[in-house]
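Asker: I am sharing upload-v4.cif, which consists of mmCIF, C-alpha atoms and all ligand atoms:
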```cif
data_upload
loop_
_atom_site.label_atom_id
_atom_site.label_comp_id
_atom_site.auth_asym_id
_atom_site.auth_seq_id
_atom_site.Cartn_x
_atom_site.Cartn_y
_atom_site.Cartn_z
CA MET A 1 61.01 -157.09 -72.49
CA ILE A 2 60.21 -157.01 -68.76
CA CYS A 3 62.20 -159.37 -66.54
CA LEU A 4 61.27 -160.16 -62.94
CA GLY A 5 64.32 -161.03 -60.80
CA ILE A 6 63.93 -163.10 -57.63
CA GLU A 7 66.67 -163.46 -55.01
CA THR A 8 66.27 -165.71 -51.95
CA SER A 9 69.68 -167.37 -51.61
CA CYS A 10 70.43 -166.26 -48.06
CA ASP A 11 68.74 -163.83 -45.70
CA GLU A 12 67.25 -161.18 -48.01
CA THR A 13 63.96 -161.75 -49.83
CA ALA A 14 64.30 -159.48 -52.84
CA LEU A 15 62.43 -158.93 -56.10
CA ALA A 16 63.15 -156.48 -58.90
CA LEU A 17 61.90 -155.52 -62.33
CA ALA A 18 64.09 -154.60 -65.30
CA ARG A 19 62.92 -153.54 -68.75
CA ASP A 20 65.44 -154.10 -71.58
CA GLY A 21 68.36 -153.99 -69.14
CA LYS A 22 67.15 -150.86 -67.29
CA LEU A 23 66.03 -151.20 -63.70
CA LEU A 24 62.44 -150.24 -63.01
CA ASP A 25 62.01 -150.94 -59.31
CA SER A 26 62.92 -153.32 -56.51
CA VAL A 27 61.63 -154.46 -53.13
CA LEU A 28 63.53 -156.16 -50.33
CA ALA A 29 62.79 -157.65 -46.92
CA SER A 30 65.95 -158.08 -44.88
CA GLN A 31 66.16 -160.67 -42.13
CA ALA A 32 69.48 -159.31 -40.83
CA ASP A 33 68.07 -158.24 -37.44
CA LEU A 34 66.49 -161.64 -36.85
CA HIS A 35 69.69 -163.59 -37.60
CA ALA A 36 71.84 -161.09 -35.68
CA ILE A 37 70.24 -162.47 -32.49
CA PHE A 38 71.93 -165.81 -33.27
CA GLY A 39 75.24 -164.38 -34.54
CA GLY A 40 74.75 -165.75 -38.07
CA VAL A 41 72.10 -166.93 -40.52
CA VAL A 42 69.83 -169.75 -39.22
CA PRO A 43 68.79 -171.66 -42.39
CA GLU A 44 65.37 -172.87 -41.24
CA LEU A 45 64.37 -169.41 -40.05
CA ALA A 46 65.60 -167.93 -43.33
CA SER A 47 63.36 -170.25 -45.42
CA ARG A 48 60.35 -169.49 -43.24
CA GLU A 49 60.88 -165.76 -43.62
CA HIS A 50 61.25 -166.03 -47.42
CA TYR A 51 58.05 -168.08 -47.53
CA ARG A 52 56.27 -165.43 -45.47
CA PHE A 53 57.46 -162.43 -47.49
CA ILE A 54 57.75 -163.49 -51.13
CA GLY A 55 54.04 -163.29 -52.04
CA PRO A 56 53.33 -159.90 -50.44
CA LEU A 57 56.56 -158.45 -51.88
CA PHE A 58 55.59 -159.58 -55.40
CA ASP A 59 52.12 -158.01 -55.03
CA GLU A 60 53.66 -154.76 -53.74
CA LEU A 61 56.18 -154.57 -56.62
CA MET A 62 53.55 -155.16 -59.30
CA ARG A 63 51.08 -152.75 -57.73
CA ARG A 64 53.68 -150.00 -57.40
CA ASN A 65 54.53 -150.31 -61.09
CA ASN A 66 50.95 -150.67 -62.35
CA LEU A 67 51.78 -154.04 -63.78
CA MET A 68 50.00 -157.35 -63.83
CA ALA A 69 51.68 -160.74 -63.92
CA LYS A 70 50.68 -161.12 -67.58
CA ASN A 71 52.91 -158.10 -68.43
CA LEU A 72 56.04 -160.08 -67.48
CA ASP A 73 58.14 -161.57 -70.29
CA VAL A 74 60.90 -163.46 -68.41
CA ILE A 75 61.40 -164.77 -64.87
CA ALA A 76 64.98 -164.86 -63.58
CA VAL A 77 65.69 -166.53 -60.25
CA THR A 78 68.80 -167.22 -58.19
CA ARG A 79 69.42 -170.98 -58.52
CA GLY A 80 72.50 -171.07 -56.26
CA PRO A 81 74.82 -171.15 -54.51
CA GLY A 82 72.96 -170.53 -51.27
CA LEU A 83 70.90 -172.16 -48.55
CA LEU A 84 68.86 -175.03 -50.00
CA GLY A 85 65.55 -174.24 -48.28
CA SER A 86 65.84 -170.54 -49.13
CA LEU A 87 66.65 -171.23 -52.78
CA LEU A 88 63.69 -173.62 -53.01
CA VAL A 89 61.24 -170.92 -51.91
CA GLY A 90 62.41 -168.54 -54.66
CA SER A 91 62.63 -171.19 -57.38
CA ALA A 92 59.18 -172.66 -56.60
CA PHE A 93 57.69 -169.17 -56.86
CA ALA A 94 59.57 -168.50 -60.11
CA LYS A 95 58.59 -171.81 -61.67
CA ALA A 96 54.93 -171.33 -60.79
CA LEU A 97 54.94 -167.90 -62.46
CA ALA A 98 56.81 -169.11 -65.56
CA LEU A 99 54.49 -172.09 -65.93
CA SER A 100 51.25 -170.19 -65.42
CA LEU A 101 52.29 -167.32 -67.71
CA ASP A 102 54.00 -169.60 -70.25
CA ILE A 103 57.16 -167.44 -70.33
CA PRO A 104 60.87 -168.36 -70.10
CA LEU A 105 62.53 -169.19 -66.80
CA ILE A 106 66.24 -168.41 -66.28
CA GLY A 107 68.18 -169.87 -63.36
CA VAL A 108 70.85 -167.32 -62.47
CA ASN A 109 74.17 -168.07 -60.76
CA HIS A 110 74.16 -165.70 -57.77
CA LEU A 111 77.94 -165.14 -57.98
CA HIS A 112 77.86 -164.29 -61.67
CA ALA A 113 74.93 -161.93 -61.04
CA HIS A 114 76.95 -160.05 -58.39
CA LEU A 115 79.64 -159.43 -61.01
CA LEU A 116 77.25 -158.58 -63.84
CA ALA A 117 75.80 -155.88 -61.55
CA CYS A 118 78.96 -153.90 -62.39
CA GLY A 119 77.25 -153.20 -65.72
CA ILE A 120 73.98 -151.79 -64.37
CA GLY A 121 73.55 -148.45 -66.13
CA LYS A 122 77.02 -148.68 -67.70
CA LYS A 123 78.65 -150.01 -70.84
CA MET A 124 80.15 -153.43 -70.16
CA VAL A 125 83.63 -154.24 -71.42
CA PHE A 126 84.68 -157.85 -72.14
CA PRO A 127 86.81 -159.77 -71.45
CA ALA A 128 86.95 -158.67 -67.85
CA LEU A 129 88.72 -159.87 -64.77
CA GLY A 130 86.00 -160.23 -62.14
CA LEU A 131 86.65 -160.38 -58.40
CA LEU A 132 83.60 -161.43 -56.39
CA VAL A 133 84.05 -160.86 -52.67
CA SER A 134 81.11 -161.66 -50.46
CA GLY A 135 80.24 -163.21 -47.10
CA GLY A 136 80.50 -166.74 -48.44
CA HIS A 137 82.78 -166.48 -51.47
CA THR A 138 85.97 -164.95 -52.76
CA HIS A 139 86.11 -165.94 -56.43
CA ILE A 140 88.18 -164.57 -59.26
CA TYR A 141 86.93 -165.09 -62.83
CA LYS A 142 87.73 -164.26 -66.40
CA VAL A 143 84.44 -163.09 -67.87
CA ASP A 144 84.16 -163.39 -71.66
CA ALA A 145 80.41 -162.71 -71.94
CA PRO A 146 77.37 -162.62 -69.59
CA ASP A 147 77.06 -166.41 -70.00
CA LYS A 148 80.80 -167.22 -70.18
CA PHE A 149 82.55 -167.20 -66.80
CA HIS A 150 85.85 -169.05 -66.19
CA LEU A 151 86.80 -169.56 -62.56
CA LEU A 152 90.51 -168.78 -62.02
CA GLY A 153 90.77 -168.93 -58.24
CA ARG A 154 88.72 -169.01 -55.05
CA ALA A 155 88.87 -168.96 -51.26
CA LEU A 156 90.06 -172.31 -49.91
CA ASP A 157 88.62 -171.59 -46.45
CA ASP A 158 87.06 -168.42 -45.05
CA ALA A 159 85.89 -165.85 -47.59
CA ALA A 160 86.96 -162.23 -47.15
CA GLY A 161 83.51 -161.18 -45.89
CA GLU A 162 83.52 -164.08 -43.44
CA ALA A 163 86.87 -162.86 -42.09
CA PHE A 164 85.37 -159.39 -41.55
CA ASP A 165 82.31 -160.91 -39.85
CA LYS A 166 84.22 -163.31 -37.60
CA ILE A 167 86.81 -160.75 -36.54
CA GLY A 168 83.96 -158.29 -35.91
CA HIS A 169 82.34 -160.93 -33.71
CA MET A 170 85.57 -161.20 -31.67
CA LEU A 171 85.33 -157.44 -31.18
CA GLY A 172 81.75 -157.78 -29.96
CA MET A 173 80.18 -156.33 -33.12
CA LYS A 174 76.80 -157.26 -34.54
CA TYR A 175 76.63 -159.65 -37.56
CA PRO A 176 77.43 -158.86 -40.38
CA ALA A 177 80.32 -156.71 -39.17
CA GLY A 178 82.03 -155.69 -42.45
CA LYS A 179 80.23 -152.38 -42.85
CA ARG A 180 80.85 -151.33 -39.23
CA ILE A 181 84.55 -152.26 -39.43
CA ASP A 182 84.81 -150.19 -42.61
CA GLU A 183 83.11 -147.18 -40.97
CA LEU A 184 85.53 -147.30 -38.02
CA ALA A 185 88.51 -147.95 -40.32
CA ARG A 186 87.84 -144.73 -42.21
CA MET A 187 88.41 -142.82 -38.97
CA GLY A 188 91.60 -144.67 -37.99
CA SER A 189 95.13 -145.02 -39.32
CA ALA A 190 96.48 -148.35 -40.45
CA ASP A 191 99.59 -150.07 -39.16
CA LYS A 192 100.89 -151.91 -42.24
CA LYS A 193 102.81 -154.43 -40.13
CA LEU A 194 100.10 -155.37 -37.63
CA LEU A 195 98.44 -158.10 -39.69
CA PRO A 196 99.69 -160.50 -42.39
CA ARG A 197 98.77 -160.47 -46.10
CA PRO A 198 97.73 -164.13 -46.15
CA TYR A 199 98.42 -166.80 -48.77
CA LEU A 200 100.48 -164.73 -51.19
CA ASP A 201 103.61 -166.87 -51.03
CA ASN A 202 102.60 -169.07 -53.97
CA ASP A 203 101.86 -168.48 -57.62
CA ASN A 204 98.15 -169.32 -57.72
CA LEU A 205 95.01 -167.21 -57.71
CA ASP A 206 93.36 -168.81 -54.68
CA PHE A 207 92.73 -167.08 -51.36
CA SER A 208 92.89 -168.15 -47.72
CA PHE A 209 91.77 -165.79 -44.99
CA SER A 210 91.73 -168.19 -42.02
CA GLY A 211 95.35 -167.29 -41.09
CA LEU A 212 94.43 -163.63 -41.00
CA LYS A 213 91.56 -164.46 -38.67
CA THR A 214 93.95 -166.30 -36.30
CA ALA A 215 96.47 -163.44 -36.42
CA ALA A 216 93.71 -160.93 -35.73
CA SER A 217 92.43 -162.98 -32.79
CA GLN A 218 95.94 -162.99 -31.28
CA VAL A 219 96.25 -159.23 -31.64
CA ILE A 220 92.83 -158.80 -30.05
CA GLN A 221 93.67 -161.14 -27.15
CA ASN A 222 97.10 -159.63 -26.52
CA ASN A 223 96.13 -156.01 -26.80
CA PHE A 224 92.45 -155.58 -26.26
CA SER A 225 91.00 -158.45 -24.28
CA GLY A 226 89.42 -157.63 -20.95
CA LYS A 227 89.95 -153.92 -21.51
CA ASP A 228 87.46 -151.35 -22.62
CA LEU A 229 88.77 -150.65 -26.06
CA PRO A 230 89.88 -147.04 -26.38
CA ASP A 231 88.09 -145.68 -29.43
CA ASN A 232 91.22 -144.82 -31.32
CA ALA A 233 92.82 -148.25 -30.81
CA LEU A 234 89.71 -149.88 -32.28
CA LYS A 235 89.61 -147.51 -35.25
CA ASP A 236 93.31 -148.10 -35.96
CA PHE A 237 92.87 -151.88 -35.69
CA CYS A 238 89.95 -151.74 -38.15
CA ALA A 239 92.03 -149.62 -40.53
CA SER A 240 94.85 -152.20 -40.35
CA LEU A 241 92.38 -155.01 -41.05
CA ASN A 242 90.81 -153.14 -43.99
CA LEU A 243 94.26 -152.56 -45.45
CA ALA A 244 95.41 -156.18 -44.98
CA ILE A 245 92.33 -157.56 -46.76
CA ALA A 246 92.34 -154.94 -49.53
CA GLU A 247 96.06 -155.40 -50.26
CA THR A 248 95.71 -159.19 -50.32
CA LEU A 249 92.85 -158.96 -52.81
CA ALA A 250 94.72 -156.42 -54.93
CA GLN A 251 97.87 -158.58 -55.06
CA LYS A 252 95.92 -161.51 -56.50
CA VAL A 253 94.18 -159.24 -59.02
CA LYS A 254 97.59 -157.96 -60.10
CA ARG A 255 98.80 -161.53 -60.53
CA ALA A 256 95.69 -162.49 -62.50
CA LEU A 257 96.15 -159.52 -64.84
CA LYS A 258 99.71 -160.73 -65.53
CA LYS A 259 98.36 -164.17 -66.43
CA TYR A 260 95.41 -162.85 -68.45
CA PRO A 261 96.61 -159.58 -70.02
CA GLU A 262 93.77 -159.72 -72.57
CA CYS A 263 91.33 -158.59 -69.83
CA LYS A 264 90.38 -154.99 -70.61
CA SER A 265 88.52 -154.25 -67.44
CA VAL A 266 88.61 -155.11 -63.73
CA TRP A 267 85.28 -155.72 -61.97
CA LEU A 268 84.86 -155.78 -58.20
CA ALA A 269 81.53 -157.02 -56.80
CA GLY A 270 79.81 -158.66 -53.81
CA GLY A 271 79.19 -157.32 -50.31
CA VAL A 272 82.89 -156.59 -49.67
CA ALA A 273 83.00 -154.49 -52.86
CA ALA A 274 81.27 -151.89 -50.67
CA ASN A 275 84.50 -151.71 -48.65
CA SER A 276 86.17 -148.32 -49.09
CA MET A 277 89.73 -149.65 -48.97
CA ALA A 278 89.07 -152.58 -51.33
CA ARG A 279 87.47 -150.22 -53.88
CA GLU A 280 90.35 -147.77 -53.54
CA SER A 281 93.17 -150.34 -53.80
CA ILE A 282 91.69 -152.29 -56.70
CA SER A 283 90.60 -149.26 -58.71
CA ALA A 284 94.08 -147.75 -58.27
CA LEU A 285 95.64 -151.01 -59.43
CA ALA A 286 93.36 -151.22 -62.49
CA LEU A 287 94.24 -147.65 -63.43
CA LYS A 288 97.96 -148.36 -63.06
CA GLU A 289 97.65 -151.43 -65.28
CA GLY A 290 95.76 -149.45 -67.94
CA LYS A 291 92.42 -151.23 -67.38
CA SER A 292 89.02 -149.76 -66.75
CA PHE A 293 87.52 -150.36 -63.30
CA MET A 294 83.89 -151.21 -62.62
CA ALA A 295 82.05 -151.83 -59.37
CA PRO A 296 78.32 -151.70 -58.65
CA GLU A 297 76.78 -148.80 -56.75
CA LEU A 298 76.90 -149.48 -53.03
CA ARG A 299 73.23 -150.55 -52.87
CA HIS A 300 73.93 -153.23 -55.51
CA CYS A 301 77.02 -154.66 -53.77
CA THR A 302 75.21 -156.63 -51.05
CA ASP A 303 72.50 -159.15 -51.96
CA ASN A 304 69.73 -157.67 -54.07
CA ALA A 305 67.35 -158.68 -56.82
CA ALA A 306 68.27 -155.88 -59.23
CA MET A 307 71.36 -157.88 -60.14
CA ILE A 308 69.19 -160.95 -60.85
CA ALA A 309 66.73 -159.00 -63.02
CA PHE A 310 69.64 -157.33 -64.86
CA ALA A 311 71.45 -160.66 -65.39
CA GLY A 312 68.11 -162.10 -66.57
CA CYS A 313 67.87 -159.39 -69.26
CA LEU A 314 71.46 -160.00 -70.44
CA LEU A 315 70.94 -163.78 -70.56
CA ALA A 316 67.49 -163.57 -72.19
CA ARG A 317 69.02 -161.38 -74.91
CA LYS A 318 71.38 -164.29 -75.66
CA GLY A 319 68.45 -166.72 -75.86
CA CYS A 320 69.35 -168.45 -72.57
CA HIS A 321 66.69 -170.26 -70.54
CA HIS A 322 66.02 -173.30 -68.35
CA GLY A 323 63.25 -175.87 -68.23
CA LEU A 324 60.97 -176.26 -65.23
CA GLU A 325 63.21 -179.08 -64.02
CA LEU A 326 65.78 -176.39 -63.07
CA GLU A 327 67.66 -177.65 -60.04
CA VAL A 328 68.70 -175.35 -57.19
CA ILE A 329 72.29 -175.78 -56.03
CA PRO A 330 73.26 -175.34 -52.38
CA ARG A 331 76.59 -173.85 -51.40
CA GLY A 332 79.50 -176.27 -51.85
CA ARG A 333 78.16 -177.95 -54.99
CA LYS A 334 79.27 -176.93 -58.46
CA ILE A 335 76.61 -175.16 -60.49
CA PRO A 336 76.08 -177.22 -63.66
CA ASP A 337 76.58 -175.71 -67.07
CA ASP A 338 73.03 -176.58 -68.16
CA MET A 339 71.75 -173.37 -69.78
CA LEU A 340 69.56 -174.01 -72.82
CA TYR A 341 69.78 -171.75 -75.90
CA SER A 342 66.94 -170.93 -78.27
O1 LIG B 401 77.24 -160.36 -51.14
P1 LIG B 401 76.69 -160.31 -49.77
O2 LIG B 401 75.57 -159.36 -49.47
O3 LIG B 401 76.15 -161.70 -49.32
C1 LIG B 401 76.72 -162.90 -49.72
O4 LIG B 401 76.36 -163.36 -50.82
O5 LIG B 401 77.55 -163.38 -48.91
O6 LIG B 401 77.92 -160.02 -48.81
C2 LIG B 401 77.78 -159.89 -47.43
C3 LIG B 401 79.16 -159.63 -46.85
C4 LIG B 401 79.19 -159.71 -45.33
O7 LIG B 401 80.26 -160.54 -44.96
C5 LIG B 401 79.44 -158.26 -44.91
O8 LIG B 401 80.15 -158.14 -43.69
C6 LIG B 401 80.26 -157.76 -46.07
O9 LIG B 401 79.63 -158.32 -47.21
N1 LIG B 401 80.27 -156.28 -46.21
C7 LIG B 401 81.39 -155.55 -46.06
C8 LIG B 401 81.00 -154.20 -46.24
N2 LIG B 401 79.67 -154.16 -46.49
C9 LIG B 401 79.23 -155.47 -46.47
N3 LIG B 401 82.65 -155.90 -45.80
C10 LIG B 401 83.57 -154.93 -45.71
N4 LIG B 401 83.29 -153.61 -45.86
C11 LIG B 401 82.03 -153.19 -46.13
N5 LIG B 401 81.77 -151.90 -46.31
ZN ZN B 402 75.65 -162.47 -52.42
#
```
Represent the structure of the file as structure tokens.
Ligand code: KG4
Ligand code: ZN
Answerer:
Amino acid sequence: MICLGIETSCDETALALARDGKLLDSVLASQADLHAIFGGVVPELASREHYRFIGPLFDELMRRNNLMAKNLDVIAVTRGPGLLGSLLVGSAFAKALALSLDIPLIGVNHLHAHLLACGIGKKMVFPALGLLVSGGHTHIYKVDAPDKFHLLGRALDDAAGEAFDKIGHMLGMKYPAGKRIDELARMGSADKKLLPRPYLDNDNLDFSFSGLKTAASQVIQNNFSGKDLPDNALKDFCASLNLAIAETLAQKVKRALKKYPECKSVWLAGGVAANSMARESISALALKEGKSFMAPELRHCTDNAAMIAFAGCLLARKGCHHGLELEVIPRGRKIPDDMLYS
């Protein structure tokens, strides 16, 4: 069974092919440089770029793999959350293919797909505790099966990736800043007391990173503003920030494992799962708690279509599909539980 995965939820136009759960190939056009000019993603520009790239990328992917559209068995597409116009470009393309080829269409939840990417090329263990940390979301789930996700907690304001990006912006870094902060952090030494571990003084599994952003901005203003940052001070600050975010995430994972001890595995996914300190802290915690730890390879942490094609294979195997009336869901609206089963 060959599944085509299509991802256009934000600023990457990506397509991938998977055969029976194994990745065949993927193509991606990133718009990061374009949006960096504006300091963040401009929705209208993002839709236009998806519209421009999706057709040529599809042709390139099929040509490279000596396939024709009629060789496809399933079309999986990100149906949300994301930017409405961007999602519409991907879903219109997916629906047209599914209709013309008379094959199943599967609308994939982008956040679930990030987490399912932990299983690419590996044996998946359920139930799992899944922490999804990206630019727009910090969600913690109990995952019972590829189509059974239970949301346990989420960011009430800024997501962890957003905190990295906004603090990076204050430091004059290019958007998205998480990767750069992580690179500098690995060369610095962290001051454990410099920044708070936000929103831990409660017993829930939600997150709030806006306080950390404010604290970081004060440190930057008091210590760095107007000065040319000495290299080492910047590296140490980044190390302190990496540690504050990683420890905050790990604390909530620890709490979740106490509440849901039946989870056998801990999954860490999303763009921030590429963060060296987050990977280290959460894998060490999982090990200590006697759980296995899974995270996608670095190239499958940030937005990609391999995760959509892979999720499509897992869901198709369970008989999941959607009709052509599949609705795309912009960020902020709950994704309906409307999967059909054959
Ligand atoms: O999952 P993703 O590609 O897009 C969303 O769905 O949001 O995540 C992008 C986020 C950005 O905020 C970026 O700064 C962050 O992931 N990121 C990192 C690292 N690599 C990417 N944050 C911290 N450390 C990294 N190494
Ligand atoms: Zn994402």
Asker: In Å, how far is it from CA of Lys213 (chain A) to CA of Leu298 (chain A)?
Answerer: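 Answer for the CA of Lys213 (chain A) to CA of Leu298 (chain A) separation: 25.4 Å.
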Asker: Using all atoms listed in the file, find each residue with an atom at most 7 Å away from ligand ZN 402 (chain B) and format the answer as a ChimeraX atom specification.
Answerer: /A:110-111,114,134,270-271,302-303
Asker: Determine, counting only C-alpha atoms, which protein, DNA and RNA residues have an atom within 7 Å of an atom of region 233-239 of chain A; residues of the same chain fewer than 3 positions away are not included. Present the result as a PyMOL selection string.
Answerer: chain A and resi 181-182+184-190+229-230+242-243
Asker: Would you save the residues of that selection, restricted to C-alpha atoms, as a PDB file, in the coordinates of the input?
Answerer:
```
ATOM      1  CA  ILE A 181      84.550-152.260 -39.430  1.00  0.00           C
ATOM      2  CA  ASP A 182      84.810-150.190 -42.610  1.00  0.00           C
ATOM      3  CA  LEU A 184      85.530-147.300 -38.020  1.00  0.00           C
ATOM      4  CA  ALA A 185      88.510-147.950 -40.320  1.00  0.00           C
ATOM      5  CA  ARG A 186      87.840-144.730 -42.210  1.00  0.00           C
ATOM      6  CA  MET A 187      88.410-142.820 -38.970  1.00  0.00           C
ATOM      7  CA  GLY A 188      91.600-144.670 -37.990  1.00  0.00           C
ATOM      8  CA  SER A 189      95.130-145.020 -39.320  1.00  0.00           C
ATOM      9  CA  ALA A 190      96.480-148.350 -40.450  1.00  0.00           C
ATOM     10  CA  LEU A 229      88.770-150.650 -26.060  1.00  0.00           C
ATOM     11  CA  PRO A 230      89.880-147.040 -26.380  1.00  0.00           C
ATOM     12  CA  ASN A 242      90.810-153.140 -43.990  1.00  0.00           C
ATOM     13  CA  LEU A 243      94.260-152.560 -45.450  1.00  0.00           C
TER      14      LEU A 243
END
```
Asker: Neighbouring residues of ligand LIG 401 (chain B) are defined here as those with any atom at most 8 Å from a ligand atom, counting all atoms listed in the file; list them as number ranges by chain.
Answerer: A: 9-10, 82, 110-111, 114, 133-137, 160-165, 175-183, 242, 269-276, 301-304
Asker: Select, from A:Leu61, A:Cys3, A:Ile329, A:Leu257, the residue with the minimum atom-to-atom distance to Ala128 (chain A), counting all atoms listed in the file.
Answerer: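 The shortest atom-to-atom distance to Ala128 (chain A) comes from A:Leu257.
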Asker: With distances taken over only C-alpha atoms, which of A:Leu129, A:Asp102, A:Arg331, A:Thr13 is nearest to Lys258 (chain A)?
Answerer: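 Nearest to Lys258 (chain A): A:Leu129.
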Asker: Of the residues A:Arg19, A:Arg52, A:Lys288, A:Lys174, which is the one nearest to Ile75 (chain A), using only C-alpha atoms?
Answerer: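 Between A:Arg19, A:Arg52, A:Lys288, A:Lys174, the residue approaching Ile75 (chain A) most closely is A:Arg19.
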Asker: Could you tell me which of A:Ala92, A:Ala98, A:Ile106, A:Leu83 comes closest to Glu44 (chain A) if we count all atoms listed in the file?
Answerer: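 Nearest to Glu44 (chain A): A:Leu83.
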